[in-house]
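Here the structure is laid out as structure tokens; the discussion comes afterwards.
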Amino acid sequence: MKKKIILLVLCVIATTTTLFGCGKVADKETEKVSKTEEKSEAKSEKKSEEKEEKEEIKYLWKNGQKEAFSYDFKVDECDNTYSIKYDNIEGDIKICYEGNEPFLVRMFNSDELPDGITEIAQSDVNFDGFSDLIVLGIKDGESYPWVFIGEENYKYSEEDLECTTFYAREEISDAIIKYFGANFTTDNIIAFLSSGLNNGSIASYEEGYAAVINFYESINPGGMGYELIQFDEDDIPELIVDNSGYGMTMYTFKDGTLSAPMVSWAYGAGGNHGYEYSPHNNSIRNYNTDFAGAIMNISFATIKDNKLDWNYCVIETYFEDKNGNGSPDEDEYTEDGPVEVSYECYTDENLTEAEIEAKANGLNGLDYEEMYGSKSASQVLSELGISEFKVCHITKKSFKALGDSYKLKQTKAKGNQITLELSKGNDSIKSSFDGESAKFYLFERPGEKAFLYAFVRNDDKSKLYIYNLNLGSLNEPIEFDSDFSLYNGDISDSTDFMLQAYNDVLVDTAIQQSFTISELGTPVQNSDTAYFITKDSMEEGAKISEMGDDVVSTKDFSCYSTKDLDDGYVYADETSDFKAGEVFHLYKYVYEFGFAYHIYLVNDDGDMIEFDLYSDDGVIKKDKSLVGFSDDLFISDIKLAK
């Protein structure tokens, strides 16, 4: 009604001006007042609408409410009922099972409560046989998702419950927000994490394992290694998901169902050497030591009813316990093999000691191979027959992705800004960036996923912004949080494309790194190895050397060298001598996070040497010596060749 009154007033003013000749100044003043009133009305209505929208939120629980809260639910793998509970006395939100006290897990601490909870759902999004909780609500005034991954609650005592317990995973929340922006529901979160598949009705192991890889790569792009192995008696491979040096998960597939008999089994610390498997024999072997190797436990596990059960163990003791204290003393160690070998059985079989020994030795006599994930997601997806992302340089104003037609408009705004407008039908999104121009690349896996990369160049800087084309509606692009972007060259291979970044590691150089696109849409480094280029090579169209640019030393030095360019660590019995003025190609470097840069240089004779630059709180100082040299060589002694 207010808008109609304003329009009527404007009409009267316009008519009066025309009849009495109030002039252009009056017209402008009237127009200015009218526009101000319209803006004020629009702003007021917008605030009113936002207030009404907030008031329409339906909460299951709201922070500050006086009444207690209890939400009951069940999961498929457990017989009894769970409860999510809140009361004003303790002030936290906890999950209970069978109404037990103390609680099973604390969901939110009293000092970290959300503004409210609006929705709770459960689904096994990672296909490990344990239900997961998806909780939606409001955090700091914004919509927020919490994901609690279900795992087995191990029974260490009679008081411990045999049930599923839940652990908060903040990295999954971060991935959801990065993928969806603010427009998410429990349904589309479950579809995103599980690739829309339901366990029990999966068409093939290829489809199922691709969904598993999608889950891990969506929440931690490039963070896992993968492998397909032939573990048990059938011809269907098992999938290894390896968080190298920390934990290993194994998936298997049968009758449309994925299961994970091995979930995040720890290794790499506490004397656990890792796991081996005997191909097609359904057996895992694990070496685990106590007392720094004085006792070796060789354990064996087998898949039974979709779970890996430990069944036998060979225990080798390498010390003579003379004083009977159960631990090795300095004078009790032996170097002539074990002084005692014993055997244990963890099954419910009624076996004699001789039968247990025969079973354990029989398993120990099988041929075993190491279990580890040595391949990237894209490599294993290729083995599963899943097509790679196709990539093309978008140079026209219109393109198609996943069957939809898009229009792309780039406008130079005032100052050093450009505006990018992406539209699909009546839906459009307009974004402004600091920059002079942009290059666009479409990554698409036909029928499945598509992402649009916008590389915005601003003087000597370049930033990547990613449009997610999988959401139905258009969202603001996500900024790729990295120094790497496309400065020079083109992208033609989605599994191996080069991005560049400026750096201050060594002389006047920049870095070039190989990337692949992740299931989340973000670029992921193919390896820890990068290549040095000069800063002049960052200019579009400049030629980039495959071996890196050249440097010279300003004084004589000696160090270890190798002819094997694939070496990850250069070591020899004797050092090699190099004269001042020796020319080296800046070949590659490997960065150990927060610790050191390992820089490899190669001369024309094919000798590769290694510089080790140790950082001081992440900073390399120019007066630091290059570790590993027989006489002092400093960063300042290395110059770019002219």
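Ligands are numbered from 1 in the order shown, residues from 1 within each chain, and chains are lettered A, B, ... in the order they appear in the structure tokens.
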Using 9 Å as the limit and counting only C-alpha atoms, can you tabulate each residue of region 509-578 of chain A that touches region 369-379 of chain A, with its shortest atom-to-atom distance in Å and the two atoms involved, as a Markdown table?
| residue | atom | partner | partner_atom | distance |
| --- | --- | --- | --- | --- |
| A:Thr516 | CA | A:Ser378 | CA | 8.1 |
| A:Ile517 | CA | A:Ser378 | CA | 8.7 |
| A:Ser518 | CA | A:Ala377 | CA | 8.2 |
| A:Glu519 | CA | A:Ala377 | CA | 8.9 |
| A:Asn526 | CA | A:Ser376 | CA | 8.0 |
*Just list the residues in region 38-179 of chain A DSSP gives strand (DSSP E or B) on the backbone, as a ChimeraX atom specification.*
/A:61-62,69-73,82-86,93-97,105-108,116-123,132-139,142-153,163-168
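Using only C-alpha atoms, the protein and nucleic acid residues lying no more than 7 Å from Glu444 (chain A), apart from those fewer than 4 places from it along its own chain, are A:Phe389, A:Lys390, A:Val391, A:Ala401, A:Lys449, A:Ala450, A:Phe451.
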Include N, CA, C and O atoms and write out the residues we just selected as an mmCIF file, in the first residue's frame.
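What ended up in out-v9.cif:
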data_model
loop_
_atom_site.group_PDB
_atom_site.id
_atom_site.type_symbol
_atom_site.label_atom_id
_atom_site.label_comp_id
_atom_site.auth_asym_id
_atom_site.auth_seq_id
_atom_site.Cartn_x
_atom_site.Cartn_y
_atom_site.Cartn_z
ATOM 1 N N PHE A 389 37.517 -35.720 -15.728
ATOM 2 C CA PHE A 389 36.918 -34.443 -16.089
ATOM 3 C C PHE A 389 37.481 -34.004 -17.444
ATOM 4 O O PHE A 389 38.689 -34.029 -17.651
ATOM 5 N N LYS A 390 36.600 -33.610 -18.334
ATOM 6 C CA LYS A 390 37.046 -32.972 -19.567
ATOM 7 C C LYS A 390 37.202 -31.482 -19.285
ATOM 8 O O LYS A 390 36.433 -30.906 -18.520
ATOM 9 N N VAL A 391 38.190 -30.866 -19.903
ATOM 10 C CA VAL A 391 38.439 -29.454 -19.648
ATOM 11 C C VAL A 391 38.549 -28.714 -20.971
ATOM 12 O O VAL A 391 39.116 -29.224 -21.938
ATOM 13 N N ALA A 401 26.934 -26.979 -19.998
ATOM 14 C CA ALA A 401 27.505 -27.862 -18.986
ATOM 15 C C ALA A 401 26.387 -28.702 -18.396
ATOM 16 O O ALA A 401 25.333 -28.166 -18.020
ATOM 17 N N LYS A 449 29.348 -34.115 -12.880
ATOM 18 C CA LYS A 449 29.781 -32.906 -12.184
ATOM 19 C C LYS A 449 30.374 -31.913 -13.165
ATOM 20 O O LYS A 449 30.911 -32.291 -14.206
ATOM 21 N N ALA A 450 30.292 -30.631 -12.789
ATOM 22 C CA ALA A 450 30.914 -29.587 -13.605
ATOM 23 C C ALA A 450 31.283 -28.397 -12.726
ATOM 24 O O ALA A 450 30.533 -28.030 -11.805
ATOM 25 N N PHE A 451 32.442 -27.799 -13.018
ATOM 26 C CA PHE A 451 32.929 -26.622 -12.308
ATOM 27 C C PHE A 451 33.509 -25.656 -13.330
ATOM 28 O O PHE A 451 34.142 -26.066 -14.306
#
*asked:* Using only C-alpha atoms for the distances, tell me which of A:Pro237, A:Gly581, A:Gly324, A:Gly447 is nearest to Thr554 (chain A).
replied: A:Gly581
_I'd like to know which of A:Ala191, A:Ile609, A:Val551, A:Ile117 is closest to Asp564 (chain A), using only C-alpha atoms._
A:Ile609
*Write out as a list in words the residues lying within 7 Å of Asp87 (chain A), counting only C-alpha atoms and excluding same-chain residues fewer than 4 positions away.*
Ala68, Phe69 and Gly91 of chain A
Show which residues sit within 10 Å of Asp140 (chain A), as a tab-separated table (two decimals) with C-alpha atoms, in the first residue's frame. Count only C-alpha atoms, and ignore same-chain residues fewer than 6 positions away.
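Done, and the output landed in result17.tsv:
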chain	number	residue	atom	x	y	z
A	114	PRO	CA	24.78	-23.32	18.65
A	115	ASP	CA	22.11	-20.66	18.36
A	116	GLY	CA	19.67	-23.44	17.62
Sel. of helix (DSSP H, G or I) residues, region 146-372 of chain A, as a short mmCIF file (atom, residue, chain, number, x, y, z; two decimals) with all heavy atoms, in the first residue's frame:
data_model
loop_
_atom_site.label_atom_id
_atom_site.label_comp_id
_atom_site.auth_asym_id
_atom_site.auth_seq_id
_atom_site.Cartn_x
_atom_site.Cartn_y
_atom_site.Cartn_z
N GLU A 170 34.68 -31.54 11.88
CA GLU A 170 34.58 -30.15 11.42
C GLU A 170 34.98 -29.99 9.96
O GLU A 170 34.46 -29.13 9.26
CB GLU A 170 35.43 -29.25 12.31
CG GLU A 170 34.91 -29.10 13.73
CD GLU A 170 35.74 -28.13 14.54
OE1 GLU A 170 36.61 -27.46 13.95
OE2 GLU A 170 35.54 -28.06 15.76
N GLU A 171 35.92 -30.83 9.49
CA GLU A 171 36.36 -30.70 8.10
C GLU A 171 35.23 -31.02 7.12
O GLU A 171 35.20 -30.51 6.00
CB GLU A 171 37.59 -31.58 7.82
CG GLU A 171 37.34 -33.06 7.73
CD GLU A 171 37.40 -33.76 9.09
OE1 GLU A 171 37.20 -33.09 10.11
OE2 GLU A 171 37.62 -34.99 9.10
N ILE A 172 34.28 -31.88 7.56
CA ILE A 172 33.13 -32.17 6.70
C ILE A 172 32.20 -30.96 6.65
O ILE A 172 31.67 -30.62 5.58
CB ILE A 172 32.38 -33.42 7.17
CG1 ILE A 172 33.33 -34.63 7.23
CG2 ILE A 172 31.20 -33.73 6.25
CD1 ILE A 172 32.67 -35.94 7.64
N SER A 173 32.01 -30.30 7.78
CA SER A 173 31.21 -29.07 7.80
C SER A 173 31.82 -28.02 6.87
O SER A 173 31.13 -27.36 6.10
CB SER A 173 31.13 -28.51 9.22
OG SER A 173 30.50 -29.42 10.09
N ASP A 174 33.15 -27.87 6.93
CA ASP A 174 33.84 -26.91 6.07
C ASP A 174 33.63 -27.25 4.59
O ASP A 174 33.41 -26.35 3.76
CB ASP A 174 35.34 -26.89 6.38
CG ASP A 174 35.64 -26.35 7.77
OD1 ASP A 174 34.78 -25.64 8.33
OD2 ASP A 174 36.73 -26.63 8.29
N ALA A 175 33.71 -28.54 4.25
CA ALA A 175 33.53 -28.96 2.86
C ALA A 175 32.11 -28.69 2.37
O ALA A 175 31.90 -28.26 1.23
CB ALA A 175 33.85 -30.45 2.72
N ILE A 176 31.13 -28.91 3.22
CA ILE A 176 29.73 -28.66 2.86
C ILE A 176 29.51 -27.18 2.55
O ILE A 176 28.89 -26.81 1.55
CB ILE A 176 28.79 -29.14 3.98
CG1 ILE A 176 28.81 -30.67 4.07
CG2 ILE A 176 27.36 -28.64 3.75
CD1 ILE A 176 28.17 -31.21 5.33
N ILE A 177 30.03 -26.32 3.43
CA ILE A 177 29.88 -24.88 3.22
C ILE A 177 30.61 -24.44 1.96
O ILE A 177 30.10 -23.62 1.18
CB ILE A 177 30.40 -24.11 4.46
CG1 ILE A 177 29.49 -24.41 5.66
CG2 ILE A 177 30.47 -22.62 4.19
CD1 ILE A 177 30.03 -23.90 6.98
N LYS A 178 31.79 -24.99 1.72
CA LYS A 178 32.56 -24.65 0.52
C LYS A 178 31.81 -25.08 -0.75
O LYS A 178 31.86 -24.40 -1.77
CB LYS A 178 33.94 -25.30 0.58
CG LYS A 178 34.88 -24.90 -0.55
CD LYS A 178 36.27 -25.48 -0.35
CE LYS A 178 36.97 -24.82 0.81
NZ LYS A 178 38.38 -25.27 0.94
N TYR A 179 31.13 -26.22 -0.67
CA TYR A 179 30.45 -26.76 -1.85
C TYR A 179 29.10 -26.09 -2.10
O TYR A 179 28.77 -25.73 -3.22
CB TYR A 179 30.24 -28.27 -1.66
CG TYR A 179 29.77 -29.01 -2.89
CD1 TYR A 179 30.67 -29.41 -3.87
CD2 TYR A 179 28.42 -29.31 -3.08
CE1 TYR A 179 30.26 -30.10 -5.00
CE2 TYR A 179 27.99 -30.00 -4.20
CZ TYR A 179 28.91 -30.39 -5.16
OH TYR A 179 28.48 -31.07 -6.27
N PHE A 180 28.32 -25.89 -1.04
CA PHE A 180 26.95 -25.39 -1.19
C PHE A 180 26.79 -23.90 -0.93
O PHE A 180 25.76 -23.33 -1.30
CB PHE A 180 26.01 -26.13 -0.23
CG PHE A 180 25.73 -27.55 -0.61
CD1 PHE A 180 26.37 -28.59 0.04
CD2 PHE A 180 24.84 -27.87 -1.61
CE1 PHE A 180 26.12 -29.91 -0.29
CE2 PHE A 180 24.57 -29.18 -1.95
CZ PHE A 180 25.22 -30.21 -1.29
N THR A 186 19.44 -31.36 4.78
CA THR A 186 19.97 -32.68 5.13
C THR A 186 19.94 -33.60 3.91
O THR A 186 20.85 -34.41 3.72
CB THR A 186 19.16 -33.31 6.28
OG1 THR A 186 17.77 -33.32 5.94
CG2 THR A 186 19.37 -32.55 7.58
N ASP A 187 18.92 -33.46 3.07
CA ASP A 187 18.82 -34.33 1.89
C ASP A 187 19.96 -34.09 0.91
O ASP A 187 20.58 -35.04 0.42
CB ASP A 187 17.47 -34.13 1.18
CG ASP A 187 16.31 -34.74 1.95
OD1 ASP A 187 16.57 -35.60 2.81
OD2 ASP A 187 15.16 -34.34 1.69
N ASN A 188 20.24 -32.79 0.59
CA ASN A 188 21.30 -32.59 -0.40
C ASN A 188 22.70 -32.80 0.20
O ASN A 188 23.64 -33.11 -0.53
CB ASN A 188 21.18 -31.24 -1.12
CG ASN A 188 21.30 -30.03 -0.22
OD1 ASN A 188 21.91 -30.08 0.83
ND2 ASN A 188 20.73 -28.91 -0.65
N ILE A 189 22.84 -32.66 1.52
CA ILE A 189 24.11 -33.00 2.15
C ILE A 189 24.36 -34.50 2.05
O ILE A 189 25.46 -34.95 1.69
CB ILE A 189 24.13 -32.55 3.62
CG1 ILE A 189 24.25 -31.02 3.71
CG2 ILE A 189 25.29 -33.20 4.38
CD1 ILE A 189 24.11 -30.48 5.11
N ILE A 190 23.35 -35.31 2.35
CA ILE A 190 23.49 -36.76 2.25
C ILE A 190 23.79 -37.18 0.82
O ILE A 190 24.66 -38.01 0.56
CB ILE A 190 22.21 -37.46 2.77
CG1 ILE A 190 22.09 -37.27 4.29
CG2 ILE A 190 22.22 -38.95 2.43
CD1 ILE A 190 20.77 -37.70 4.88
N ALA A 191 23.10 -36.57 -0.15
CA ALA A 191 23.34 -36.89 -1.56
C ALA A 191 24.74 -36.49 -1.97
O ALA A 191 25.41 -37.20 -2.74
CB ALA A 191 22.30 -36.18 -2.43
N PHE A 192 25.23 -35.35 -1.48
CA PHE A 192 26.57 -34.88 -1.80
C PHE A 192 27.63 -35.82 -1.25
O PHE A 192 28.57 -36.23 -1.95
CB PHE A 192 26.75 -33.47 -1.21
CG PHE A 192 28.17 -33.00 -1.07
CD1 PHE A 192 29.00 -32.89 -2.17
CD2 PHE A 192 28.68 -32.66 0.18
CE1 PHE A 192 30.32 -32.45 -2.04
CE2 PHE A 192 29.99 -32.22 0.32
CZ PHE A 192 30.81 -32.12 -0.79
N LEU A 193 27.50 -36.23 0.02
CA LEU A 193 28.52 -37.07 0.65
C LEU A 193 28.47 -38.51 0.16
O LEU A 193 29.51 -39.19 0.11
CB LEU A 193 28.35 -37.02 2.17
CG LEU A 193 28.60 -35.67 2.84
CD1 LEU A 193 28.29 -35.75 4.34
CD2 LEU A 193 30.04 -35.20 2.63
N SER A 194 27.29 -39.02 -0.21
CA SER A 194 27.15 -40.43 -0.58
C SER A 194 26.97 -40.62 -2.08
O SER A 194 26.69 -41.74 -2.52
CB SER A 194 25.94 -41.03 0.14
OG SER A 194 24.73 -40.42 -0.32
N TYR A 205 30.52 -52.81 -7.92
CA TYR A 205 31.59 -52.36 -7.03
C TYR A 205 32.25 -51.10 -7.58
O TYR A 205 32.71 -50.24 -6.81
CB TYR A 205 32.62 -53.46 -6.79
CG TYR A 205 33.59 -53.73 -7.93
CD1 TYR A 205 34.74 -52.95 -8.10
CD2 TYR A 205 33.38 -54.77 -8.82
CE1 TYR A 205 35.63 -53.20 -9.13
CE2 TYR A 205 34.27 -55.03 -9.86
CZ TYR A 205 35.40 -54.25 -10.01
OH TYR A 205 36.28 -54.50 -11.03
N GLU A 206 32.28 -50.96 -8.92
CA GLU A 206 32.85 -49.75 -9.51
C GLU A 206 32.08 -48.51 -9.07
O GLU A 206 32.68 -47.50 -8.68
CB GLU A 206 32.85 -49.84 -11.04
CG GLU A 206 33.78 -50.88 -11.63
CD GLU A 206 33.11 -52.23 -11.85
OE1 GLU A 206 32.03 -52.44 -11.28
OE2 GLU A 206 33.66 -53.06 -12.58
N GLU A 207 30.75 -48.59 -9.13
CA GLU A 207 29.93 -47.47 -8.70
C GLU A 207 30.09 -47.20 -7.21
O GLU A 207 30.20 -46.05 -6.77
CB GLU A 207 28.46 -47.77 -9.01
CG GLU A 207 27.50 -46.64 -8.65
CD GLU A 207 26.05 -46.99 -8.92
OE1 GLU A 207 25.56 -47.97 -8.31
OE2 GLU A 207 25.41 -46.31 -9.74
N GLY A 208 30.14 -48.27 -6.42
CA GLY A 208 30.27 -48.12 -4.97
C GLY A 208 31.60 -47.53 -4.56
O GLY A 208 31.67 -46.61 -3.73
N TYR A 209 32.70 -48.04 -5.13
CA TYR A 209 34.02 -47.54 -4.76
C TYR A 209 34.21 -46.09 -5.23
O TYR A 209 34.90 -45.30 -4.57
CB TYR A 209 35.10 -48.44 -5.34
CG TYR A 209 35.18 -49.82 -4.71
CD1 TYR A 209 35.89 -50.85 -5.31
CD2 TYR A 209 34.53 -50.10 -3.50
CE1 TYR A 209 35.96 -52.12 -4.74
CE2 TYR A 209 34.59 -51.36 -2.93
CZ TYR A 209 35.30 -52.37 -3.55
OH TYR A 209 35.37 -53.62 -2.98
N ALA A 210 33.60 -45.75 -6.37
CA ALA A 210 33.67 -44.36 -6.83
C ALA A 210 32.98 -43.44 -5.82
O ALA A 210 33.46 -42.33 -5.56
CB ALA A 210 33.02 -44.22 -8.20
N ALA A 211 31.87 -43.90 -5.23
CA ALA A 211 31.16 -43.11 -4.22
C ALA A 211 32.01 -42.96 -2.95
O ALA A 211 32.04 -41.90 -2.33
CB ALA A 211 29.82 -43.75 -3.89
N VAL A 212 32.71 -44.02 -2.57
CA VAL A 212 33.59 -43.96 -1.40
C VAL A 212 34.69 -42.93 -1.63
O VAL A 212 34.98 -42.09 -0.77
CB VAL A 212 34.20 -45.35 -1.11
CG1 VAL A 212 35.31 -45.23 -0.06
CG2 VAL A 212 33.13 -46.32 -0.62
N ILE A 213 35.33 -42.99 -2.81
CA ILE A 213 36.40 -42.05 -3.13
C ILE A 213 35.85 -40.63 -3.15
O ILE A 213 36.50 -39.69 -2.67
CB ILE A 213 37.05 -42.42 -4.47
CG1 ILE A 213 37.81 -43.75 -4.33
CG2 ILE A 213 38.01 -41.32 -4.94
CD1 ILE A 213 38.35 -44.30 -5.62
N ASN A 214 34.64 -40.44 -3.70
CA ASN A 214 34.01 -39.13 -3.72
C ASN A 214 33.85 -38.59 -2.29
O ASN A 214 34.09 -37.40 -2.03
CB ASN A 214 32.63 -39.20 -4.38
CG ASN A 214 31.86 -37.90 -4.25
OD1 ASN A 214 32.09 -36.94 -4.95
ND2 ASN A 214 30.91 -37.88 -3.31
N PHE A 215 33.47 -39.45 -1.34
CA PHE A 215 33.31 -39.02 0.05
C PHE A 215 34.63 -38.49 0.60
O PHE A 215 34.70 -37.37 1.12
CB PHE A 215 32.81 -40.18 0.91
CG PHE A 215 32.83 -39.88 2.38
CD1 PHE A 215 31.83 -39.12 2.97
CD2 PHE A 215 33.88 -40.32 3.19
CE1 PHE A 215 31.86 -38.81 4.33
CE2 PHE A 215 33.92 -40.02 4.54
CZ PHE A 215 32.91 -39.27 5.11
N TYR A 216 35.68 -39.28 0.49
CA TYR A 216 36.96 -38.87 1.08
C TYR A 216 37.57 -37.67 0.36
O TYR A 216 38.15 -36.78 1.00
CB TYR A 216 37.94 -40.05 1.07
CG TYR A 216 37.61 -41.09 2.11
CD1 TYR A 216 36.90 -42.24 1.78
CD2 TYR A 216 37.99 -40.92 3.43
CE1 TYR A 216 36.58 -43.20 2.73
CE2 TYR A 216 37.67 -41.87 4.40
CZ TYR A 216 36.97 -43.00 4.04
OH TYR A 216 36.65 -43.93 5.00
N GLU A 217 37.43 -37.62 -0.97
CA GLU A 217 38.02 -36.51 -1.72
C GLU A 217 37.21 -35.23 -1.56
O GLU A 217 37.75 -34.14 -1.73
CB GLU A 217 38.11 -36.88 -3.20
CG GLU A 217 39.17 -37.92 -3.49
CD GLU A 217 40.56 -37.47 -3.06
OE1 GLU A 217 41.04 -36.43 -3.56
OE2 GLU A 217 41.15 -38.16 -2.21
N SER A 218 35.94 -35.34 -1.24
CA SER A 218 35.12 -34.15 -1.02
C SER A 218 35.45 -33.48 0.30
O SER A 218 35.34 -32.26 0.43
CB SER A 218 33.63 -34.50 -1.07
OG SER A 218 33.24 -34.90 -2.38
N ILE A 219 35.84 -34.26 1.31
CA ILE A 219 36.10 -33.66 2.61
C ILE A 219 37.59 -33.40 2.84
O ILE A 219 37.96 -32.57 3.66
CB ILE A 219 35.55 -34.54 3.76
CG1 ILE A 219 36.24 -35.91 3.80
CG2 ILE A 219 34.05 -34.72 3.61
CD1 ILE A 219 35.82 -36.77 4.98
N PHE A 291 58.56 -52.90 23.77
CA PHE A 291 59.90 -52.71 24.33
C PHE A 291 60.94 -52.56 23.22
O PHE A 291 61.98 -53.22 23.21
CB PHE A 291 60.29 -53.88 25.24
CG PHE A 291 59.34 -54.12 26.38
CD1 PHE A 291 58.58 -55.28 26.44
CD2 PHE A 291 59.17 -53.17 27.38
CE1 PHE A 291 57.70 -55.51 27.47
CE2 PHE A 291 58.29 -53.38 28.42
CZ PHE A 291 57.54 -54.56 28.47
N ALA A 292 60.61 -51.68 22.24
CA ALA A 292 61.54 -51.34 21.16
C ALA A 292 62.01 -52.57 20.39
O ALA A 292 63.16 -52.66 19.97
CB ALA A 292 62.74 -50.56 21.70
N GLY A 293 61.11 -53.54 20.21
CA GLY A 293 61.43 -54.72 19.41
C GLY A 293 61.82 -55.93 20.22
O GLY A 293 62.07 -57.00 19.65
N GLU A 330 69.06 -54.30 30.50
CA GLU A 330 70.18 -54.09 29.57
C GLU A 330 70.97 -55.36 29.30
O GLU A 330 71.43 -55.59 28.18
CB GLU A 330 71.10 -53.00 30.14
CG GLU A 330 72.16 -52.54 29.15
CD GLU A 330 72.96 -51.36 29.66
OE1 GLU A 330 72.50 -50.71 30.63
OE2 GLU A 330 74.02 -51.08 29.08
N ASP A 331 71.13 -56.22 30.30
CA ASP A 331 71.94 -57.42 30.13
C ASP A 331 71.12 -58.63 29.68
O ASP A 331 71.63 -59.76 29.66
CB ASP A 331 72.66 -57.76 31.43
CG ASP A 331 71.69 -58.04 32.57
OD1 ASP A 331 70.51 -57.62 32.46
OD2 ASP A 331 72.10 -58.67 33.56
N GLU A 332 69.84 -58.44 29.32
CA GLU A 332 68.98 -59.57 28.99
C GLU A 332 68.70 -59.72 27.50
O GLU A 332 68.07 -60.70 27.08
CB GLU A 332 67.64 -59.44 29.75
CG GLU A 332 67.80 -59.54 31.26
CD GLU A 332 66.47 -59.39 31.99
OE1 GLU A 332 65.50 -58.86 31.38
OE2 GLU A 332 66.39 -59.79 33.16
N GLU A 353 47.18 -76.62 22.00
CA GLU A 353 48.31 -75.73 21.74
C GLU A 353 49.00 -76.08 20.42
O GLU A 353 49.42 -75.19 19.67
CB GLU A 353 49.31 -75.81 22.90
CG GLU A 353 48.80 -75.17 24.18
CD GLU A 353 49.87 -75.13 25.27
OE1 GLU A 353 51.05 -75.42 24.94
OE2 GLU A 353 49.53 -74.80 26.41
N ALA A 354 49.10 -77.37 20.14
CA ALA A 354 49.73 -77.80 18.89
C ALA A 354 48.91 -77.36 17.68
O ALA A 354 49.45 -76.96 16.64
CB ALA A 354 49.91 -79.32 18.89
N GLU A 355 47.58 -77.42 17.78
CA GLU A 355 46.71 -77.00 16.67
C GLU A 355 46.78 -75.49 16.46
O GLU A 355 46.78 -75.00 15.33
CB GLU A 355 45.27 -77.45 16.96
CG GLU A 355 45.07 -78.95 16.85
CD GLU A 355 43.71 -79.39 17.34
OE1 GLU A 355 43.12 -78.70 18.23
OE2 GLU A 355 43.20 -80.41 16.84
N ILE A 356 46.84 -74.73 17.55
CA ILE A 356 46.98 -73.27 17.44
C ILE A 356 48.30 -72.93 16.77
O ILE A 356 48.35 -72.08 15.87
CB ILE A 356 46.90 -72.62 18.83
CG1 ILE A 356 45.50 -72.80 19.44
CG2 ILE A 356 47.25 -71.13 18.75
CD1 ILE A 356 45.41 -72.37 20.89
N GLU A 357 49.38 -73.61 17.16
CA GLU A 357 50.69 -73.37 16.55
C GLU A 357 50.66 -73.68 15.06
O GLU A 357 51.19 -72.92 14.25
CB GLU A 357 51.73 -74.24 17.26
CG GLU A 357 53.13 -74.09 16.68
CD GLU A 357 54.16 -74.94 17.40
OE1 GLU A 357 53.87 -75.41 18.53
OE2 GLU A 357 55.26 -75.15 16.83
N ALA A 358 50.00 -74.78 14.69
CA ALA A 358 49.93 -75.17 13.28
C ALA A 358 49.14 -74.15 12.47
O ALA A 358 49.54 -73.78 11.35
CB ALA A 358 49.30 -76.56 13.16
N LYS A 359 48.03 -73.66 13.04
CA LYS A 359 47.20 -72.68 12.32
C LYS A 359 47.98 -71.37 12.14
O LYS A 359 47.98 -70.77 11.05
CB LYS A 359 45.92 -72.42 13.09
CG LYS A 359 44.97 -73.62 13.13
CD LYS A 359 43.64 -73.24 12.53
CE LYS A 359 42.68 -74.42 12.59
NZ LYS A 359 41.61 -74.27 11.60
N ALA A 360 48.61 -70.89 13.20
CA ALA A 360 49.35 -69.62 13.13
C ALA A 360 50.52 -69.73 12.17
O ALA A 360 50.75 -68.84 11.34
CB ALA A 360 49.84 -69.23 14.52
N ASN A 361 51.27 -70.82 12.23
CA ASN A 361 52.41 -71.00 11.33
C ASN A 361 51.95 -71.18 9.90
O ASN A 361 52.65 -70.76 8.96
CB ASN A 361 53.25 -72.19 11.78
CG ASN A 361 54.08 -71.88 13.02
OD1 ASN A 361 54.38 -70.72 13.30
ND2 ASN A 361 54.44 -72.91 13.78
N GLY A 362 50.79 -71.79 9.72
CA GLY A 362 50.25 -71.94 8.37
C GLY A 362 49.93 -70.59 7.74
O GLY A 362 50.26 -70.34 6.57
N LEU A 363 49.32 -69.69 8.51
CA LEU A 363 49.04 -68.34 8.01
C LEU A 363 50.32 -67.56 7.79
O LEU A 363 50.46 -66.81 6.83
CB LEU A 363 48.14 -67.59 9.01
CG LEU A 363 46.69 -68.08 9.12
CD1 LEU A 363 45.98 -67.40 10.28
CD2 LEU A 363 45.94 -67.81 7.81
N ASN A 364 51.30 -67.74 8.68
CA ASN A 364 52.56 -67.02 8.57
C ASN A 364 53.36 -67.48 7.35
O ASN A 364 54.20 -66.75 6.84
CB ASN A 364 53.40 -67.22 9.84
CG ASN A 364 54.38 -66.10 10.07
OD1 ASN A 364 54.26 -65.01 9.51
ND2 ASN A 364 55.38 -66.36 10.90
#
*For the atom pair CA of Gly200 (chain A) and CA of Gly150 (chain A), what is the interatomic distance in Å to one decimal place?*
18.3 Å
Can you pull out every residue within 9 Å of Thr395 (chain A), counting only C-alpha atoms, but drop anything in the same chain fewer than 4 positions away, and send it as a CSV table (one decimal) with N, CA and C atoms, in the first residue's frame?
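out16.csv, written as the output of this step:
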chain,number,residue,atom,x,y,z
A,439,LYS,N,40.4,-15.4,-17.3
A,439,LYS,CA,40.4,-16.6,-18.2
A,439,LYS,C,39.5,-17.6,-17.6
A,440,PHE,N,38.7,-18.4,-18.5
A,440,PHE,CA,37.7,-19.3,-18.0
A,440,PHE,C,38.0,-20.7,-18.5
A,441,TYR,N,37.8,-21.7,-17.6
A,441,TYR,CA,38.0,-23.1,-18.0
A,441,TYR,C,36.8,-23.9,-17.4
_Long-range neighbours of Phe73 (chain A) as a list in words, 10 Å cut-off, only C-alpha atoms, 4 positions minimum in chain_ = Asn80, Thr81, Tyr82, Ser83, Ile84, Tyr97, Ile120, Ala121 and Gln122 of chain A
